[in-house]
Structures are given as C-alpha cells and as structure tokens.
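The next block holds one structure in the form of structure tokens; read it before the comments.
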Amino acid sequence: MDAKVRDVMTPGPIGVGYYQSIREAARTMRDWGVGAVLVVNDQSLYGLVTDRDLVVRAVAEAKGPDEPVGPLSSGDLIGVDVNADASEAARLMRENAVRRLPVIEDGQVRQARWRRRSLGGLRWLQARPRPSGGPPRPTERLALPLVLPR
Amino acid sequence: MARKMRDIMSPAPVCMAPGESVSAAAKAMKEHGIGTVLVLTEGRLSGLVTDRDITVRVLAENRDPLTTPIGDICSSELVVLGPDDDVEQATRLIRERAVRRIPVLADGTPVGVVSIGDLALDKDATSALSGVSSAPPNS
C-alpha cells in the first residue's frame, strides 16, 4: 500500500510573519535547521521563503536585514492534503519544481518542514520534534486555500 | 548511463578569493543561478560558501554582507572528488560526511561541483528530486 502524506510529513510548520525582518527569518532557519519557512500574513498563509531567496533577493539586491521578509517569498503556494498518497506529493513536487510542500488538513496548515529521505529520492515532509517549552508556532491553525495567488 | 563525476557535475564553478565580500558572492549566486561559490587561496581550493552559509552565518548573525569577507564564513573542511571518480564514491562521501555538494578538482584546479541533485539526476531521471534539481533556480 502506498504511504500516505501523514506518514512521511514533519509536524509543526515553521513560519514567520510577513512583516518580520529578513534577519528574523534567517535566525528562524538557523535555529530550526531548515532552509525554508512559511510566510504568514494576517492569519493567512502568504507564501514560502527559502535561504536561497534571502541571498538572491535580499543580500544580492542590497536589501537591509531589517526590511520585511514577506516581499521576498514565493507566492502561488502549492499544498497537499494530509490523506493524499505520498506519490501524489511527489508528483506535485515534480510538476511544480518545489522540494517542500505544506500539508493541509481540513483547510488548515499542519506540517511544512521536511528533509531528504534517501539519496536520489524525494524530499519528504518528515517528523522532527520541537524544542520543549517553545512558544506556539504562529502558523498553526491557519485557514488557507490550497493554492494562493501572489 | 553517466557514471563519472565529469559526466554529472555542474561545470565551470564560480571561484572567488577569501577577501571578497559576502555581497559579491550573493550577486554571483544570483547572476549565475548557483548556490555554491568555491574559495581559492593562491590558486588552491581553500573553502566553499553556500547560500545557506550566507543565511545562517551572516544574516542570522547580524553581520554586514558588504564588509564580511567570504573567508570568514566558508566551510574549510573539504571533501573533494576528481573528474574520473564514480557516482558510487560520491554517494558514499555525501552520506558519510553529511555534505550536500562536493567540489571536483582536476590536478588541484576546480572544474566542477557535484551535488545531491546531480546524483539524483544520474540515478533516476524520473524521480521528483531530479525533476526539481533540473528546474531553473530562483532568482
């Protein structure tokens, strides 16, 4: 039987607010050991920003670290339902040339972090514990459409 | 099917001196659509800087990209391969040393960089990772 997305995904989406600074987004990536974070605007998922985006869209453009990270993110976000087959996630990643997929459950973001599962294979959403005592993540319990226009 | 580094690597790597600024490296990454810059000291490979290095070692640390030299943030414990080394060696090194990209040197001269994506493309051109790795980079 095909693995389901819920079997391979990472719990606890990592996000930053649209108006948080580029520096804060970089620190989030550093502290969580991830290369991408969701960008949230007014309780809605706005997009995704990667470490590469920070470099080519901020540092290379001489944007200061205090500027908001939101404008650097990629919109047109694609997500996958938690009950979908893992192969569906793989197809969406291929077709959209993305290596990370937010996972949607009942219209709310549930998971978004992921790491490589096997060399030469897909990049899966995979389980990883949160540091104990941490504050609730701002991107939990969001309502969002599956695909957002930029 | 391609089996040697020369067949699967990304050729013509961008090389910079350790004294060049992080800003200059970021611009090169944008201009060339790459995530890795090789650092050369007196013509020899002395380090490697990635977009992640710039994010976690400069942006997150509140350092100034204009005045921070890449020599300060590059990774210097280098795993390298030769152009005639095979895919199995690359795969093993990437796993054992927990790196995601390896410079390829011919007689001490950098001739390319091989990454996990390049290995995925070689191993299985139909895999999701290979499809993503062959897509144009963000700019």
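Residues are named by chain letter and number: chains run A, B, ... in the order of the structure tokens, numbers start at 1 in each chain, and ligands are numbered from 1 in the order shown.
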Polymer residues at most 7 Å from stretch 25-37 of chain A, only C-alpha atoms, same-chain spacing of 2 or more positions, as a JSON list (two decimals) with C-alpha atoms, in the first residue's frame:
[["chain", "number", "residue", "atom", "x", "y", "z"],
["A", 14, "ILE", "CA", 7.78, 26.76, 10.83],
["A", 15, "GLY", "CA", 6.66, 30.24, 9.91],
["A", 16, "VAL", "CA", 7.43, 33.92, 10.13],
["A", 21, "SER", "CA", 12.59, 41.10, 9.31],
["A", 22, "ILE", "CA", 14.87, 39.27, 6.95],
["A", 23, "ARG", "CA", 17.22, 38.80, 9.88],
["A", 39, "VAL", "CA", 5.31, 33.33, 5.48],
["A", 48, "LEU", "CA", 7.27, 30.33, 1.36],
["A", 49, "VAL", "CA", 10.74, 31.81, 1.64],
["A", 50, "THR", "CA", 13.98, 29.86, 1.36],
["A", 51, "ASP", "CA", 17.58, 30.53, 2.36],
["A", 69, "VAL", "CA", 10.81, 39.24, 4.59],
["B", 55, "THR", "CA", 21.85, 32.95, 5.61],
["B", 56, "VAL", "CA", 22.93, 31.39, 8.90],
["B", 59, "LEU", "CA", 22.12, 37.33, 8.05],
["B", 60, "ALA", "CA", 21.24, 35.45, 11.23]]
For A:Ala89, work out the shell of residues within 8 Å, counting only C-alpha atoms and skipping chain neighbours fewer than 6 positions away, then give it as a ChimeraX atom specification.
-> /A:5,80,101
Using only C-alpha atoms, the shortest atom-to-atom distance to chain B among A:Pro71, A:Tyr18, A:Asp7, A:Met93 belongs to A:Met93
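With only C-alpha atoms as the atoms that count, the residue of B:Pro11, B:Gly43, B:Gly71, B:Gly35 with the shortest distance to B:Arg101 is B:Gly35.
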Surrounding residues of stretch 63-67 of chain B excluding itself and chain neighbours under 2 positions, 6 Å, only C-alpha atoms, as an NGL selection string = :B and (21-23 or 58 or 61)
d(atom CA of A:Ala90, atom CA of B:Ile54) in Å = 29.2 Å
